[in-house]
Amino acid sequence: MCGRYASSRAPEDLAGLFEAERDPGAGEPGLSWNVAPTDDVWAVLERADRESGEVVRRLRPVRWGLVPSWAKDPAVGSRMINARVETVHEKPAYRRAFTRRRCLLPADGFYEWVAVPAKGSAKAYKQPYFIRPEDAGVMAMAGLYEFWRDPAVQDDDDPAAWLATATIITTEATDQAGRVHPRMPLALDPADYDTWLDPAHQDTADLRALLHTPADGRLAVTAVSTAVNSVRNNGPHLLEPAAV
């Protein structure tokens, strides 16, 4: 799974990297080195403009944890932060989004943990590792997004009427990452961004073919401070290497 990641690039930098427009009037998630489920995060997606009808690529905030449009309670999103690549195209909660509402979730890298048993007077603990592309480039995690209509808000045009949420697609971990945890987020190759984001491209087999080895297996793994274990901690110091 992917339960925590870092996203510290400024929105103007992300907009340039993904050739996307900033979503007008939308909020702005802050820089974070400890992104947690239900946080607002940046997503890159393509949708038809309401006025012109033209499909536009935008950088906009979404909440991490997908809430299906048919959900009765948005709290379900906290249990839907990840979708397995093996079944994402057929699970009821994800299959419509897989064909029509795909996105990219930019990250610096993600965290996984290894349980360290108690030894002598030292207590058992979980050692976090930060996993990122070897070239320190942006990791464009494949995701799906949905809009949930809040029935408590009467006006459809009220921004509060709609909750935008997303999930991260995960796959089997490779190489260095696989030594830390069996699953990992699936990052797309830049050559595949256009096809993945295009809402008119709805061929399931073609789309699944884009979901292959993340970063071609070229990932760097670094043990970092246990301070990241608490979602209350944040800042670049969380990525500093730790002795293990």
# chains A, B, ... in the order shown; residues from 1 in each chain; ligands from 1
call {"tool": "select_by_dssp", "arguments": {"residues": "segment 27-84 of chain A", "states": "helix (DSSP H, G or I)", "output": "list in words"}}
result
Pro74, Ala75, Val76, Gly77, Ser78 and Arg79 of chain A
call {"tool": "residues_around", "arguments": {"residues": "segment 68-83 of chain A", "least_positions_apart": "5", "cutoff": "7 Å", "atoms": "only C-alpha atoms", "output": "PyMOL selection string"}}
result
chain A and resi 1-2+37-38+88+93+146-149+167-170
call {"tool": "select_by_dssp", "arguments": {"residues": "segment 119-231 of chain A", "states": "strand (DSSP E or B)", "output": "PyMOL selection string"}}
result
chain A and resi 119+122+125-133+139-149+162-172+183-185+187+219-224
call {"tool": "residues_around", "arguments": {"residues": "Val56 of chain A", "least_positions_apart": "6", "cutoff": "7 Å", "atoms": "only C-alpha atoms", "output": "list in words"}}
result
Glu46, Arg47, Ala48 and Asp49 of chain A
call {"tool": "closest_residue", "arguments": {"among": "A:Glu172, A:Asp206, A:Asp192, A:Glu240", "to": "Val85 of chain A", "atoms": "only C-alpha atoms"}}
result
A:Glu172
call {"tool": "residues_around", "arguments": {"residues": "Arg102 of chain A", "least_positions_apart": "6", "cutoff": "10 Å", "atoms": "only C-alpha atoms", "output": "CSV table (one decimal) with N, CA and C atoms, in the first residue's frame"}}
result
chain,number,residue,atom,x,y,z
A,43,ALA,N,-3.5,17.2,-7.8
A,43,ALA,CA,-3.8,16.2,-8.8
A,43,ALA,C,-3.7,16.8,-10.2
A,44,VAL,N,-3.2,16.1,-11.2
A,44,VAL,CA,-3.2,16.6,-12.6
A,44,VAL,C,-4.3,15.8,-13.3
A,45,LEU,N,-5.3,16.4,-13.9
A,45,LEU,CA,-6.3,15.7,-14.6
A,45,LEU,C,-6.8,16.5,-15.8
A,46,GLU,N,-7.6,15.9,-16.7
A,46,GLU,CA,-8.1,16.5,-17.9
A,46,GLU,C,-9.6,16.3,-17.8
A,47,ARG,N,-10.3,17.5,-18.0
A,47,ARG,CA,-11.8,17.5,-18.1
A,47,ARG,C,-12.3,18.6,-19.1
A,96,ARG,N,-15.7,2.7,-13.0
A,96,ARG,CA,-16.1,3.8,-13.9
A,96,ARG,C,-15.0,4.9,-13.9
A,142,ALA,N,0.0,7.1,-10.6
A,142,ALA,CA,-1.2,6.9,-11.3
A,142,ALA,C,-2.4,6.9,-10.3
A,143,GLY,N,-3.4,7.6,-10.6
A,143,GLY,CA,-4.6,7.7,-9.7
A,143,GLY,C,-5.9,7.8,-10.4
A,144,LEU,N,-6.9,7.7,-9.7
A,144,LEU,CA,-8.3,7.9,-10.1
A,144,LEU,C,-9.0,9.0,-9.3
A,145,TYR,N,-9.9,9.7,-9.9
A,145,TYR,CA,-10.6,10.7,-9.1
A,145,TYR,C,-12.1,10.6,-9.3
A,146,GLU,N,-12.8,11.1,-8.3
A,146,GLU,CA,-14.3,11.1,-8.3
A,146,GLU,C,-14.8,12.4,-7.7
A,166,ALA,N,-9.5,11.3,-4.5
A,166,ALA,CA,-8.7,10.5,-5.4
A,166,ALA,C,-8.1,9.3,-4.7
A,167,THR,N,-7.7,8.3,-5.4
A,167,THR,CA,-7.0,7.2,-4.9
A,167,THR,C,-5.7,6.9,-5.7
A,195,THR,N,-2.0,9.7,-22.8
A,195,THR,CA,-3.0,8.7,-23.0
A,195,THR,C,-3.7,8.4,-21.7
A,196,TRP,N,-3.0,8.4,-20.5
A,196,TRP,CA,-3.6,8.1,-19.3
A,196,TRP,C,-4.6,9.2,-18.9
A,197,LEU,N,-4.3,10.4,-19.1
A,197,LEU,CA,-5.1,11.5,-18.7
A,197,LEU,C,-6.3,11.8,-19.7
A,198,ASP,N,-6.2,11.4,-20.9
A,198,ASP,CA,-7.2,11.6,-21.9
A,198,ASP,C,-8.6,11.0,-21.5
A,199,PRO,N,-9.6,11.7,-21.2
A,199,PRO,CA,-10.9,11.1,-20.8
A,199,PRO,C,-11.6,10.4,-21.9
A,207,LEU,N,-5.3,0.9,-21.5
A,207,LEU,CA,-5.0,1.7,-20.2
A,207,LEU,C,-4.2,0.8,-19.3
call {"tool": "atom_distance", "arguments": {"atom1": "atom CA of Pro190 of chain A", "atom2": "atom CA of Ser52 of chain A"}}
result
27.5 Å
call {"tool": "residues_around", "arguments": {"residues": "segment 125-138 of chain A", "least_positions_apart": "5", "cutoff": "8 Å", "atoms": "only C-alpha atoms", "output": "list of chain:residue names"}}
result
A:Pro106, A:Ala107, A:Asp108, A:Gly109, A:Phe110, A:Tyr111, A:Glu112, A:Trp113, A:Val114, A:Ala115, A:Val116, A:Pro117, A:Ala118, A:Ala177, A:Val180, A:Ala215, A:Arg218, A:Leu219, A:Ala220, A:Val221, A:Thr222, A:Ala223, A:Val224, A:Ser225, A:Thr226, A:Val228, A:Asn229, A:Leu239
call {"tool": "write_last_selection", "arguments": {"atoms": "N, CA, C and O atoms", "output": "tab-separated table (two decimals), in the first residue's frame"}}
result
chain	number	residue	atom	x	y	z
A	106	PRO	N	1.30	14.02	-8.17
A	106	PRO	CA	2.74	14.27	-8.12
A	106	PRO	C	3.31	14.08	-6.71
A	106	PRO	O	2.73	14.51	-5.72
A	107	ALA	N	4.47	13.43	-6.65
A	107	ALA	CA	5.13	13.19	-5.36
A	107	ALA	C	6.64	13.27	-5.53
A	107	ALA	O	7.17	13.06	-6.63
A	108	ASP	N	7.32	13.56	-4.43
A	108	ASP	CA	8.78	13.46	-4.40
A	108	ASP	C	9.17	12.00	-4.21
A	108	ASP	O	10.21	11.55	-4.69
A	109	GLY	N	8.35	11.29	-3.47
A	109	GLY	CA	8.59	9.89	-3.13
A	109	GLY	C	7.59	9.49	-2.07
A	109	GLY	O	6.72	10.28	-1.68
A	110	PHE	N	7.71	8.27	-1.58
A	110	PHE	CA	6.74	7.77	-0.60
A	110	PHE	C	7.47	7.04	0.52
A	110	PHE	O	8.66	6.71	0.42
A	111	TYR	N	6.74	6.78	1.60
A	111	TYR	CA	7.31	6.12	2.77
A	111	TYR	C	6.75	4.70	2.92
A	111	TYR	O	5.59	4.44	2.61
A	112	GLU	N	7.60	3.82	3.42
A	112	GLU	CA	7.17	2.51	3.87
A	112	GLU	C	7.93	2.19	5.16
A	112	GLU	O	8.96	2.82	5.44
A	113	TRP	N	7.44	1.20	5.88
A	113	TRP	CA	8.00	0.90	7.20
A	113	TRP	C	8.40	-0.56	7.34
A	113	TRP	O	7.77	-1.44	6.73
A	114	VAL	N	9.43	-0.80	8.14
A	114	VAL	CA	9.87	-2.15	8.47
A	114	VAL	C	9.81	-2.29	10.00
A	114	VAL	O	10.34	-1.43	10.72
A	115	ALA	N	9.16	-3.33	10.45
A	115	ALA	CA	9.06	-3.56	11.90
A	115	ALA	C	10.40	-4.03	12.45
A	115	ALA	O	11.00	-4.98	11.93
A	116	VAL	N	10.88	-3.36	13.47
A	116	VAL	CA	12.14	-3.73	14.14
A	116	VAL	C	11.79	-4.31	15.51
A	116	VAL	O	11.19	-3.61	16.35
A	117	PRO	N	12.13	-5.56	15.77
A	117	PRO	CA	11.74	-6.18	17.06
A	117	PRO	C	12.53	-5.61	18.23
A	117	PRO	O	13.60	-5.02	18.06
A	118	ALA	N	11.98	-5.80	19.41
A	118	ALA	CA	12.66	-5.36	20.63
A	118	ALA	C	13.97	-6.13	20.79
A	118	ALA	O	14.07	-7.30	20.43
A	177	ALA	N	12.71	-1.23	-3.46
A	177	ALA	CA	11.46	-1.01	-2.74
A	177	ALA	C	10.87	-2.31	-2.25
A	177	ALA	O	10.26	-2.37	-1.17
A	180	VAL	N	11.59	-3.55	1.22
A	180	VAL	CA	10.98	-2.83	2.34
A	180	VAL	C	9.52	-3.21	2.51
A	180	VAL	O	9.05	-3.43	3.62
A	215	ALA	N	9.01	3.63	-12.52
A	215	ALA	CA	10.36	4.22	-12.64
A	215	ALA	C	11.36	3.22	-13.21
A	215	ALA	O	12.56	3.35	-12.99
A	218	ARG	N	14.18	1.90	-11.11
A	218	ARG	CA	15.31	2.72	-10.65
A	218	ARG	C	14.85	3.60	-9.48
A	218	ARG	O	14.48	4.75	-9.65
A	219	LEU	N	14.90	3.01	-8.31
A	219	LEU	CA	14.42	3.68	-7.11
A	219	LEU	C	15.51	3.69	-6.05
A	219	LEU	O	16.25	2.72	-5.90
A	220	ALA	N	15.58	4.78	-5.31
A	220	ALA	CA	16.52	4.89	-4.20
A	220	ALA	C	15.75	4.76	-2.89
A	220	ALA	O	14.65	5.32	-2.74
A	221	VAL	N	16.31	4.00	-1.95
A	221	VAL	CA	15.66	3.76	-0.66
A	221	VAL	C	16.57	4.26	0.46
A	221	VAL	O	17.74	3.86	0.53
A	222	THR	N	16.04	5.11	1.33
A	222	THR	CA	16.83	5.70	2.40
A	222	THR	C	16.09	5.58	3.72
A	222	THR	O	14.91	5.95	3.82
A	223	ALA	N	16.77	5.06	4.74
A	223	ALA	CA	16.20	5.06	6.09
A	223	ALA	C	16.14	6.50	6.60
A	223	ALA	O	17.11	7.25	6.46
A	224	VAL	N	15.00	6.89	7.16
A	224	VAL	CA	14.84	8.26	7.64
A	224	VAL	C	14.35	8.26	9.09
A	224	VAL	O	14.06	7.21	9.67
A	225	SER	N	14.24	9.45	9.65
A	225	SER	CA	13.89	9.59	11.06
A	225	SER	C	12.51	9.03	11.37
A	225	SER	O	11.57	9.16	10.58
A	226	THR	N	12.37	8.44	12.55
A	226	THR	CA	11.06	7.95	12.99
A	226	THR	C	10.09	9.10	13.28
A	226	THR	O	8.92	8.86	13.56
A	228	VAL	N	8.76	10.86	11.18
A	228	VAL	CA	7.72	10.81	10.15
A	228	VAL	C	6.57	9.89	10.58
A	228	VAL	O	5.47	9.95	10.01
A	229	ASN	N	6.78	9.06	11.57
A	229	ASN	CA	5.73	8.15	12.02
A	229	ASN	C	4.50	8.88	12.54
A	229	ASN	O	3.40	8.35	12.54
A	239	LEU	N	13.27	13.93	5.72
A	239	LEU	CA	13.95	13.16	4.67
A	239	LEU	C	15.43	12.96	4.94
A	239	LEU	O	16.14	12.31	4.16
call {"tool": "closest_residue", "arguments": {"among": "A:Ala6, A:His212, A:Ala36, A:Arg57", "to": "Glu21 of chain A", "atoms": "only C-alpha atoms"}}
result
A:Arg57
call {"tool": "atom_distance", "arguments": {"atom1": "atom CA of Arg60 of chain A", "atom2": "atom CA of Gly27 of chain A"}}
result
7.9 Å
